[in-house]
>>> print(open('protein23.json').read())   # JSON, C-alpha atoms
[["chain", "number", "residue", "atom", "x", "y", "z"],
["A", 1, "MET", "CA", -25.40, -8.93, -36.27],
["A", 2, "ALA", "CA", -21.82, -9.64, -35.29],
["A", 3, "GLY", "CA", -20.80, -13.26, -34.95],
["A", 4, "PRO", "CA", -19.62, -14.71, -31.62],
["A", 5, "TYR", "CA", -15.95, -14.42, -32.53],
["A", 6, "GLU", "CA", -16.33, -10.74, -33.44],
["A", 7, "THR", "CA", -18.37, -10.08, -30.30],
["A", 8, "MET", "CA", -15.70, -11.67, -28.12],
["A", 9, "GLY", "CA", -12.89, -9.95, -30.03],
["A", 10, "VAL", "CA", -11.02, -13.20, -30.76],
["A", 11, "SER", "CA", -10.05, -14.99, -33.95],
["A", 12, "PRO", "CA", -11.61, -18.30, -35.06],
["A", 13, "GLN", "CA", -8.22, -19.88, -34.32],
["A", 14, "ALA", "CA", -8.26, -18.77, -30.66],
["A", 15, "THR", "CA", -7.81, -21.42, -27.98],
["A", 16, "GLN", "CA", -10.50, -22.11, -25.41],
["A", 17, "GLU", "CA", -8.28, -20.50, -22.78],
["A", 18, "GLU", "CA", -8.00, -17.33, -24.87],
["A", 19, "ILE", "CA", -11.78, -17.26, -25.25],
["A", 20, "ARG", "CA", -12.26, -17.77, -21.53],
["A", 21, "LYS", "CA", -9.93, -14.88, -20.69],
["A", 22, "ALA", "CA", -11.62, -12.63, -23.26],
["A", 23, "TYR", "CA", -15.01, -13.39, -21.75],
["A", 24, "LEU", "CA", -13.84, -12.66, -18.20],
["A", 25, "ARG", "CA", -12.36, -9.35, -19.32],
["A", 26, "LEU", "CA", -15.43, -8.25, -21.27],
["A", 27, "ALA", "CA", -17.94, -9.52, -18.71],
["A", 28, "LYS", "CA", -16.19, -7.67, -15.90],
["A", 29, "LYS", "CA", -16.05, -4.49, -17.97],
["A", 30, "ASN", "CA", -19.75, -4.60, -18.95],
["A", 31, "HIS", "CA", -21.42, -6.36, -16.01],
["A", 32, "PRO", "CA", -24.72, -4.61, -15.11],
["A", 33, "ASP", "CA", -23.85, -4.57, -11.42],
["A", 34, "LEU", "CA", -20.92, -2.32, -12.25],
["A", 35, "HIS", "CA", -23.06, -0.03, -14.44],
["A", 36, "PRO", "CA", -26.41, 0.35, -12.67],
["A", 37, "GLY", "CA", -29.00, 1.90, -14.96],
["A", 38, "ASP", "CA", -26.80, 1.67, -18.07],
["A", 39, "LYS", "CA", -28.98, -0.10, -20.66],
["A", 40, "GLY", "CA", -26.12, -0.13, -23.18],
["A", 41, "ALA", "CA", -23.85, -2.03, -20.80],
["A", 42, "GLU", "CA", -26.67, -4.48, -20.07],
["A", 43, "ALA", "CA", -27.18, -5.11, -23.80],
["A", 44, "ARG", "CA", -23.45, -5.60, -24.39],
["A", 45, "PHE", "CA", -23.27, -8.02, -21.47],
["A", 46, "LYS", "CA", -26.10, -10.10, -22.96],
["A", 47, "GLU", "CA", -24.36, -10.19, -26.35],
["A", 48, "ILE", "CA", -21.08, -11.25, -24.75],
["A", 49, "THR", "CA", -22.79, -13.94, -22.67],
["A", 50, "SER", "CA", -24.65, -15.26, -25.72],
["A", 51, "ALA", "CA", -21.43, -15.41, -27.74],
["A", 52, "ASN", "CA", -19.64, -17.21, -24.94],
["A", 53, "GLU", "CA", -22.42, -19.79, -24.74],
["A", 54, "ILE", "CA", -21.59, -20.72, -28.31],
["A", 55, "ILE", "CA", -17.81, -20.58, -28.63],
["A", 56, "GLY", "CA", -16.96, -20.82, -24.94],
["A", 57, "ASP", "CA", -18.43, -24.33, -24.95],
["A", 58, "LYS", "CA", -16.08, -26.71, -26.76],
["A", 59, "ALA", "CA", -18.86, -28.92, -28.14],
["A", 60, "LYS", "CA", -21.07, -26.05, -29.29],
["A", 61, "ARG", "CA", -18.10, -24.32, -30.82],
["A", 62, "VAL", "CA", -17.40, -27.37, -33.00],
["A", 63, "ARG", "CA", -21.04, -27.45, -34.08],
["A", 64, "PHE", "CA", -21.02, -23.71, -34.83],
["A", 65, "ASP", "CA", -17.78, -23.94, -36.79],
["A", 66, "SER", "CA", -19.18, -26.90, -38.78],
["A", 67, "GLY", "CA", -22.38, -24.98, -39.54],
["A", 68, "GLU", "CA", -24.78, -27.18, -37.54],
["A", 69, "ILE", "CA", -25.95, -24.31, -35.31],
["A", 70, "ASP", "CA", -26.13, -20.59, -35.89],
["A", 71, "ALA", "CA", -24.87, -17.71, -33.72],
["A", 72, "SER", "CA", -28.00, -17.97, -31.55],
["A", 73, "GLY", "CA", -27.51, -21.71, -30.99],
["A", 74, "ALA", "CA", -30.46, -22.67, -33.19],
["A", 75, "GLU", "CA", -30.22, -25.86, -35.27],
["A", 76, "ARG", "CA", -29.55, -25.48, -38.96],
["A", 77, "GLN", "CA", -30.73, -27.98, -41.58],
["A", 78, "ARG", "CA", -28.59, -31.08, -41.28],
["A", 79, "GLN", "CA", -26.31, -31.83, -44.19],
["A", 80, "PRO", "CA", -25.24, -35.38, -45.06],
["A", 81, "ASP", "CA", -21.57, -34.59, -44.67],
["A", 82, "ARG", "CA", -22.25, -33.49, -41.08],
["A", 83, "GLU", "CA", -23.61, -36.92, -40.08],
["A", 84, "PHE", "CA", -20.22, -38.15, -38.91],
["A", 85, "TYR", "CA", -20.15, -35.47, -36.22],
["A", 86, "ARG", "CA", -23.74, -36.15, -35.19],
["A", 87, "GLN", "CA", -23.08, -39.84, -34.78],
["A", 88, "HIS", "CA", -20.24, -39.14, -32.40],
["A", 89, "ALA", "CA", -21.92, -36.25, -30.60],
["A", 90, "ASP", "CA", -24.97, -38.44, -29.92],
["A", 91, "ALA", "CA", -22.94, -41.52, -29.04],
["A", 92, "GLY", "CA", -22.08, -42.77, -25.58],
["A", 93, "SER", "CA", -20.06, -40.86, -23.05],
["A", 94, "ALA", "CA", -16.83, -42.48, -24.17],
["A", 95, "PHE", "CA", -17.15, -40.76, -27.59],
["A", 96, "ARG", "CA", -18.93, -37.54, -26.74],
["A", 97, "TYR", "CA", -17.00, -34.29, -27.01],
["A", 98, "ASP", "CA", -15.60, -33.30, -23.66],
["A", 99, "ARG", "CA", -16.85, -29.93, -22.42],
["A", 100, "GLY", "CA", -14.09, -29.77, -19.82],
["A", 101, "LEU", "CA", -13.74, -26.45, -17.95],
["A", 102, "ASP", "CA", -13.66, -24.17, -20.99],
["A", 103, "GLY", "CA", -17.15, -22.77, -20.73],
["A", 104, "GLY", "CA", -20.73, -23.98, -20.57],
["A", 105, "ASP", "CA", -24.30, -22.87, -20.23],
["A", 106, "ALA", "CA", -24.21, -22.22, -16.51],
["A", 107, "MET", "CA", -22.28, -19.33, -14.92],
["A", 108, "ASP", "CA", -21.36, -21.03, -11.65],
["A", 109, "ASP", "CA", -19.61, -19.79, -8.51],
["A", 110, "ASP", "CA", -16.18, -20.42, -10.01],
["A", 111, "PHE", "CA", -16.92, -17.94, -12.78],
["A", 112, "PHE", "CA", -17.97, -15.22, -10.34],
["A", 113, "ALA", "CA", -14.99, -16.04, -8.12],
["A", 114, "GLU", "CA", -12.64, -15.30, -11.01],
["A", 115, "LEU", "CA", -14.64, -12.38, -12.34],
["A", 116, "PHE", "CA", -15.04, -10.51, -9.05],
["A", 117, "GLY", "CA", -12.27, -11.98, -6.90],
["A", 118, "THR", "CA", -14.68, -13.75, -4.55],
["A", 119, "ARG", "CA", -16.80, -16.86, -4.47],
["A", 120, "GLY", "CA", -20.55, -16.72, -4.89],
["A", 121, "ALA", "CA", -22.71, -14.07, -6.55],
["A", 122, "PRO", "CA", -21.07, -10.85, -7.78],
["A", 123, "ARG", "CA", -20.65, -8.15, -5.20],
["A", 124, "SER", "CA", -22.03, -4.68, -5.50],
["A", 125, "PRO", "CA", -19.38, -2.13, -6.51],
["A", 126, "ARG", "CA", -17.22, -0.96, -3.64],
["A", 127, "GLY", "CA", -16.94, 2.75, -2.92],
["A", 128, "SER", "CA", -13.81, 4.63, -3.96],
["A", 129, "ASN", "CA", -11.00, 5.56, -1.60],
["A", 130, "VAL", "CA", -10.39, 9.14, -0.50],
["A", 131, "SER", "CA", -6.97, 10.62, 0.26],
["A", 132, "TYR", "CA", -6.03, 13.17, 2.89],
["A", 133, "THR", "CA", -2.82, 14.76, 4.17],
["A", 134, "PHE", "CA", -2.44, 15.29, 7.90],
["A", 135, "SER", "CA", 0.25, 16.72, 10.20],
["A", 136, "VAL", "CA", 1.12, 15.37, 13.63],
["A", 137, "ALA", "CA", 3.47, 16.65, 16.31],
["A", 138, "PHE", "CA", 6.94, 15.13, 16.51],
["A", 139, "ILE", "CA", 6.33, 13.61, 19.96],
["A", 140, "GLU", "CA", 2.99, 12.10, 18.82],
["A", 141, "ALA", "CA", 4.72, 10.40, 15.90],
["A", 142, "ILE", "CA", 7.42, 8.97, 18.18],
["A", 143, "ASN", "CA", 5.28, 7.78, 21.08],
["A", 144, "GLY", "CA", 1.97, 7.20, 19.31],
["A", 145, "ALA", "CA", -1.36, 8.91, 20.00],
["A", 146, "ARG", "CA", -5.11, 8.78, 19.48],
["A", 147, "LYS", "CA", -6.69, 11.79, 17.82],
["A", 148, "ARG", "CA", -10.05, 12.91, 16.48],
["A", 149, "VAL", "CA", -9.55, 15.32, 13.63],
["A", 150, "VAL", "CA", -11.85, 17.12, 11.21],
["A", 151, "MET", "CA", -10.55, 17.03, 7.64],
["A", 152, "ALA", "CA", -10.90, 19.81, 5.06],
["A", 153, "ASP", "CA", -14.07, 18.24, 3.64],
["A", 154, "GLY", "CA", -15.69, 18.29, 7.08],
["A", 155, "LYS", "CA", -15.35, 14.58, 7.77],
["A", 156, "ALA", "CA", -14.36, 13.73, 11.38],
["A", 157, "LEU", "CA", -11.95, 10.81, 11.69],
["A", 158, "ASP", "CA", -10.67, 8.91, 14.72],
["A", 159, "ILE", "CA", -6.99, 8.25, 14.09],
["A", 160, "VAL", "CA", -4.60, 5.94, 15.92],
["A", 161, "ILE", "CA", -1.04, 7.17, 15.40],
["A", 162, "PRO", "CA", 1.27, 4.14, 15.80],
["A", 163, "ALA", "CA", 4.43, 4.67, 17.83],
["A", 164, "GLY", "CA", 7.49, 5.24, 15.64],
["A", 165, "LEU", "CA", 5.53, 6.57, 12.66],
["A", 166, "GLN", "CA", 7.73, 7.72, 9.75],
["A", 167, "ASP", "CA", 7.26, 11.00, 7.90],
["A", 168, "GLY", "CA", 5.25, 10.46, 4.70],
["A", 169, "GLN", "CA", 3.81, 7.14, 5.88],
["A", 170, "THR", "CA", 0.22, 6.41, 4.82],
["A", 171, "LEU", "CA", -2.42, 5.14, 7.23],
["A", 172, "ARG", "CA", -5.47, 3.28, 5.93],
["A", 173, "LEU", "CA", -8.81, 3.74, 7.70],
["A", 174, "ARG", "CA", -11.02, 0.97, 6.37],
["A", 175, "GLY", "CA", -14.59, 1.88, 5.54],
["A", 176, "GLU", "CA", -14.06, 5.64, 5.90],
["A", 177, "GLY", "CA", -14.07, 6.37, 2.17],
["A", 178, "ARG", "CA", -16.97, 7.03, -0.19],
["A", 179, "PRO", "CA", -20.05, 4.80, 0.11],
["A", 180, "GLY", "CA", -20.51, 1.94, -2.35],
["A", 181, "ASN", "CA", -23.26, 1.70, -4.95],
["A", 182, "ALA", "CA", -26.29, -0.57, -4.51],
["A", 183, "GLY", "CA", -25.30, -1.55, -1.00],
["A", 184, "GLY", "CA", -21.62, -2.09, -1.78],
["A", 185, "LYS", "CA", -19.00, -1.66, 0.91],
["A", 186, "PRO", "CA", -17.51, 1.81, 1.39],
["A", 187, "GLY", "CA", -13.99, 2.57, 0.31],
["A", 188, "ASP", "CA", -11.12, 3.48, 2.62],
["A", 189, "ALA", "CA", -9.60, 6.74, 3.78],
["A", 190, "LEU", "CA", -5.86, 7.03, 3.04],
["A", 191, "LEU", "CA", -4.01, 9.49, 5.28],
["A", 192, "GLU", "CA", -0.53, 10.62, 4.29],
["A", 193, "ILE", "CA", 1.09, 11.70, 7.54],
["A", 194, "HIS", "CA", 3.60, 14.55, 7.77],
["A", 195, "ILE", "CA", 5.53, 15.08, 10.99],
["A", 196, "ALA", "CA", 6.04, 18.63, 12.19],
["A", 197, "PRO", "CA", 9.68, 19.44, 13.05],
["A", 198, "HIS", "CA", 10.70, 19.73, 16.70],
["A", 199, "LEU", "CA", 12.69, 22.65, 18.10],
["A", 200, "SER", "CA", 15.14, 20.43, 19.99],
["A", 201, "PHE", "CA", 14.94, 16.88, 18.63],
["A", 202, "GLN", "CA", 15.97, 15.34, 15.33],
["A", 203, "ARG", "CA", 15.25, 11.77, 14.29],
["A", 204, "ASP", "CA", 18.12, 9.62, 13.01],
["A", 205, "GLY", "CA", 16.67, 6.20, 12.19],
["A", 206, "ASN", "CA", 15.46, 4.90, 15.54],
["A", 207, "ASN", "CA", 17.71, 7.28, 17.45],
["A", 208, "ILE", "CA", 16.92, 10.80, 18.62],
["A", 209, "ARG", "CA", 19.54, 13.54, 18.57],
["A", 210, "SER", "CA", 19.67, 16.75, 20.58],
["A", 211, "LYS", "CA", 22.26, 19.25, 21.83],
["A", 212, "LEU", "CA", 23.09, 20.34, 25.38],
["A", 213, "ALA", "CA", 24.81, 23.63, 26.16],
["A", 214, "LEU", "CA", 27.44, 23.70, 28.95],
["A", 215, "THR", "CA", 29.29, 26.47, 30.70],
["A", 216, "LEU", "CA", 33.06, 26.32, 30.67],
["A", 217, "GLY", "CA", 33.03, 25.45, 34.35],
["A", 218, "GLU", "CA", 30.50, 22.61, 33.91],
["A", 219, "ALA", "CA", 32.59, 21.12, 31.13],
["A", 220, "LEU", "CA", 35.80, 21.36, 33.18],
["A", 221, "ALA", "CA", 34.48, 20.11, 36.50],
["A", 222, "GLY", "CA", 31.77, 17.73, 35.28],
["A", 223, "THR", "CA", 28.21, 17.79, 36.60],
["A", 224, "ARG", "CA", 24.69, 16.30, 36.37],
["A", 225, "LEU", "CA", 22.09, 18.14, 34.32],
["A", 226, "PRO", "CA", 18.44, 17.50, 33.40],
["A", 227, "VAL", "CA", 17.94, 16.54, 29.75],
["A", 228, "GLU", "CA", 14.62, 16.38, 27.90],
["A", 229, "THR", "CA", 13.93, 13.18, 25.94],
["A", 230, "VAL", "CA", 10.89, 12.04, 23.95],
["A", 231, "SER", "CA", 9.76, 10.03, 26.97],
["A", 232, "GLY", "CA", 10.41, 12.65, 29.66],
["A", 233, "THR", "CA", 13.18, 14.36, 31.62],
["A", 234, "VAL", "CA", 16.23, 12.37, 32.78],
["A", 235, "GLN", "CA", 19.43, 13.31, 34.64],
["A", 236, "LEU", "CA", 22.57, 13.13, 32.50],
["A", 237, "THR", "CA", 26.05, 12.83, 33.98],
["A", 238, "ILE", "CA", 28.54, 15.14, 32.26],
["A", 239, "PRO", "CA", 32.06, 13.71, 32.61],
["A", 240, "LYS", "CA", 34.84, 15.94, 33.91],
["A", 241, "GLY", "CA", 36.78, 17.62, 31.12],
["A", 242, "SER", "CA", 34.05, 17.21, 28.47],
["A", 243, "ASN", "CA", 34.59, 18.88, 25.10],
["A", 244, "SER", "CA", 32.22, 20.43, 22.59],
["A", 245, "GLY", "CA", 31.14, 17.84, 20.04],
["A", 246, "SER", "CA", 31.31, 14.96, 22.52],
["A", 247, "ILE", "CA", 28.23, 12.71, 22.28],
["A", 248, "LEU", "CA", 26.69, 11.05, 25.30],
["A", 249, "ARG", "CA", 24.27, 8.14, 24.82],
["A", 250, "LEU", "CA", 21.03, 7.62, 26.75],
["A", 251, "ARG", "CA", 20.20, 4.00, 25.96],
["A", 252, "GLY", "CA", 16.60, 3.08, 25.24],
["A", 253, "LYS", "CA", 15.39, 6.70, 25.20],
["A", 254, "GLY", "CA", 14.89, 6.89, 21.43],
["A", 255, "VAL", "CA", 12.17, 5.72, 19.03],
["A", 256, "PRO", "CA", 10.09, 2.66, 19.99],
["A", 257, "ALA", "CA", 10.67, -0.18, 17.52],
["A", 258, "ALA", "CA", 9.85, -3.88, 17.24],
["A", 259, "SER", "CA", 13.52, -4.70, 17.75],
["A", 260, "GLY", "CA", 13.71, -2.44, 20.85],
["A", 261, "HIS", "CA", 13.87, 1.27, 21.55],
["A", 262, "GLY", "CA", 16.51, 3.37, 19.89],
["A", 263, "ASP", "CA", 18.86, 5.63, 21.88],
["A", 264, "HIS", "CA", 18.98, 9.35, 22.60],
["A", 265, "LEU", "CA", 22.28, 10.92, 21.53],
["A", 266, "VAL", "CA", 23.21, 14.16, 23.28],
["A", 267, "GLU", "CA", 25.86, 16.37, 21.67],
["A", 268, "LEU", "CA", 27.65, 18.66, 24.13],
["A", 269, "ARG", "CA", 28.32, 22.31, 23.27],
["A", 270, "ILE", "CA", 30.47, 24.57, 25.45],
["A", 271, "VAL", "CA", 29.09, 28.12, 25.39],
["A", 272, "LEU", "CA", 31.12, 31.05, 26.67],
["A", 273, "PRO", "CA", 29.33, 33.79, 28.62],
["A", 274, "PRO", "CA", 28.19, 36.78, 26.55],
["A", 275, "ASP", "CA", 30.07, 39.17, 28.84],
["A", 276, "ALA", "CA", 33.23, 37.23, 29.73],
["A", 277, "GLY", "CA", 35.12, 40.38, 30.61],
["A", 278, "ALA", "CA", 38.80, 40.97, 31.23],
["A", 279, "ALA", "CA", 38.99, 38.77, 34.32],
["A", 280, "LEU", "CA", 38.11, 35.54, 32.52],
["A", 281, "LEU", "CA", 40.33, 36.45, 29.59],
["A", 282, "ARG", "CA", 43.29, 37.12, 31.91],
["A", 283, "CYS", "CA", 42.74, 33.90, 33.81],
["A", 284, "VAL", "CA", 42.58, 31.73, 30.69],
["A", 285, "THR", "CA", 45.50, 33.49, 29.04],
["A", 286, "GLU", "CA", 47.72, 33.06, 32.11],
["A", 287, "TRP", "CA", 46.76, 29.39, 32.36],
["A", 288, "GLU", "CA", 47.53, 28.74, 28.69],
["A", 289, "ALA", "CA", 50.89, 30.46, 29.05],
["A", 290, "GLY", "CA", 51.89, 27.89, 31.67],
["A", 291, "HIS", "CA", 50.16, 24.95, 29.96],
["A", 292, "PRO", "CA", 50.61, 25.34, 26.22],
["A", 293, "TYR", "CA", 48.64, 22.94, 23.96],
["A", 294, "ASN", "CA", 47.47, 22.87, 20.36],
["A", 295, "PRO", "CA", 43.85, 21.57, 19.99],
["A", 296, "ARG", "CA", 44.21, 21.43, 16.23],
["A", 297, "GLU", "CA", 46.72, 18.61, 16.49],
["A", 298, "THR", "CA", 44.01, 16.32, 17.87],
["A", 299, "GLU", "CA", 41.19, 17.61, 15.66],
["A", 300, "GLY", "CA", 39.38, 14.76, 13.96],
["A", 301, "ARG", "CA", 40.63, 12.11, 16.35],
["A", 302, "ALA", "CA", 38.16, 9.99, 18.33],
["A", 303, "PRO", "CA", 37.62, 11.41, 21.84]]
>>> encode(input="protein23.json", output="C-alpha cells")
Amino acid sequence: MAGPYETMGVSPQATQEEIRKAYLRLAKKNHPDLHPGDKGAEARFKEITSANEIIGDKAKRVRFDSGEIDASGAERQRQPDREFYRQHADAGSAFRYDRGLDGGDAMDDDFFAELFGTRGAPRSPRGSNVSYTFSVAFIEAINGARKRVVMADGKALDIVIPAGLQDGQTLRLRGEGRPGNAGGKPGDALLEIHIAPHLSFQRDGNNIRSKLALTLGEALAGTRLPVETVSGTVQLTIPKGSNSGSILRLRGKGVPAASGHGDHLVELRIVLPPDAGAALLRCVTEWEAGHPYNPRETEGRAP
C-alpha cells in the first residue's frame, strides 16, 4: 500500500500549502460526482482523502513522521523517545500543535468552494457547450433582429441579433448546450455569426459606404435624389458642379453604437450614357475648345 506522501504525489519535505494544492488538484480530478459510476475513481478519491487526513493535518503529519501513527491513522506502540511529543500534544491549548487552515478531518464548505468554484456541497457536472456557425443578412447585423432558426443538428434556437454586430462575433445562448449529468446545469450554445455581404453597402467601422451614379447633367446642374441607407430612404442634395469621387456625408445614418450612430458616406460617380452619339460629343468638344482646362493638374487635391 502506498504511503500518504506517495498517494498525494508530494515529497516528505513538502509544505502544508503544497500538500493542500495537491489534494485540491487530485480531489477535483477524481471526485465521484465528476465520474458517476466509475468505481476506480471512487477508490482513488478515498485513498487521496485518507492520505490528506494524515499529512494534510499538521498535527497528524508530525505524529506520522515521528512514527506514532501509521498511514491509516492507527496508533503505534509508544516509544520512550516519543514521550516528549506526547507531553506537548496532550498539554494545554497554549502548547498544543496548531492545526491552522492546512487541512483537517472535516471537508467543510471552504474546501468545496475552492474545489468546485462555489460555496456549499459540490455541484453536479455541468453540460458541455456546443458551437454553431450562422449567417445573418447585412441589414439585420446593422439594425439588430430577432430570429428563430433551426441549426444543422435540428435544434431550434431563438436568437437576438444585437444592433451593430461585427462579422465573426460569437453570441452565447446560456442553457442551450448539452444537458448536465446527474441534474447538472446544461451548457451553453456558442454561435459564431457571419454577415452576408450587401450588394450596395460596405461597412467601414461604424460608417456605411455606398456609391451613387449621376448623369452628366445632374452633376453639372445639381439636384436632389433618393438614396437608400440602412435605416431607410432619404433625399440627398447633390451640389452643383459635383465631380466623380466626391463624398457626401449623411450624418447619423450609419451603424448604431454606444457612442452614437455612425454616418453614411455616399461616393458620387458620373456615368456617361451608353449611346452618347455625335451630338453630345460635338457639344462637349466645342465647349472645351472655348474653355480649356487640364483635370490632371488638380488630381489628388482635396475637393
>>> residues_near_point(input="protein23.json", point="(17.2, 10.1, 25.6)", cutoff="7 Å", atoms="all atoms listed in the file", output="PyMOL selection string")
chain A and resi 229-230+250-251+253-254+263-265
>>> atom_distance(input="protein23.json", atom1="atom CA of Gly168 of chain A", atom2="atom CA of Ser135 of chain A")
9.7 Å
>>> residues_near_point(input="protein23.json", point="(20.5, 16.3, 25.6)", cutoff="10 Å", atoms="only C-alpha atoms", output="ChimeraX atom specification")
/A:200-201,208-213,225-229,233-236,247-250,264-268
>>> residues_around(input="protein23.json", residues="Gly177 of chain A", least_positions_apart="6", cutoff="8 Å", atoms="only C-alpha atoms", output="list of chain:residue names")
A:Gly127, A:Ser128, A:Asn129, A:Val130, A:Pro186, A:Gly187, A:Asp188, A:Ala189
>>> closest_residue(input="protein23.json", among="A:Gly184, A:Pro197, A:Gly3, A:Pro273", to="Val136 of chain A", atoms="only C-alpha atoms")
A:Pro197
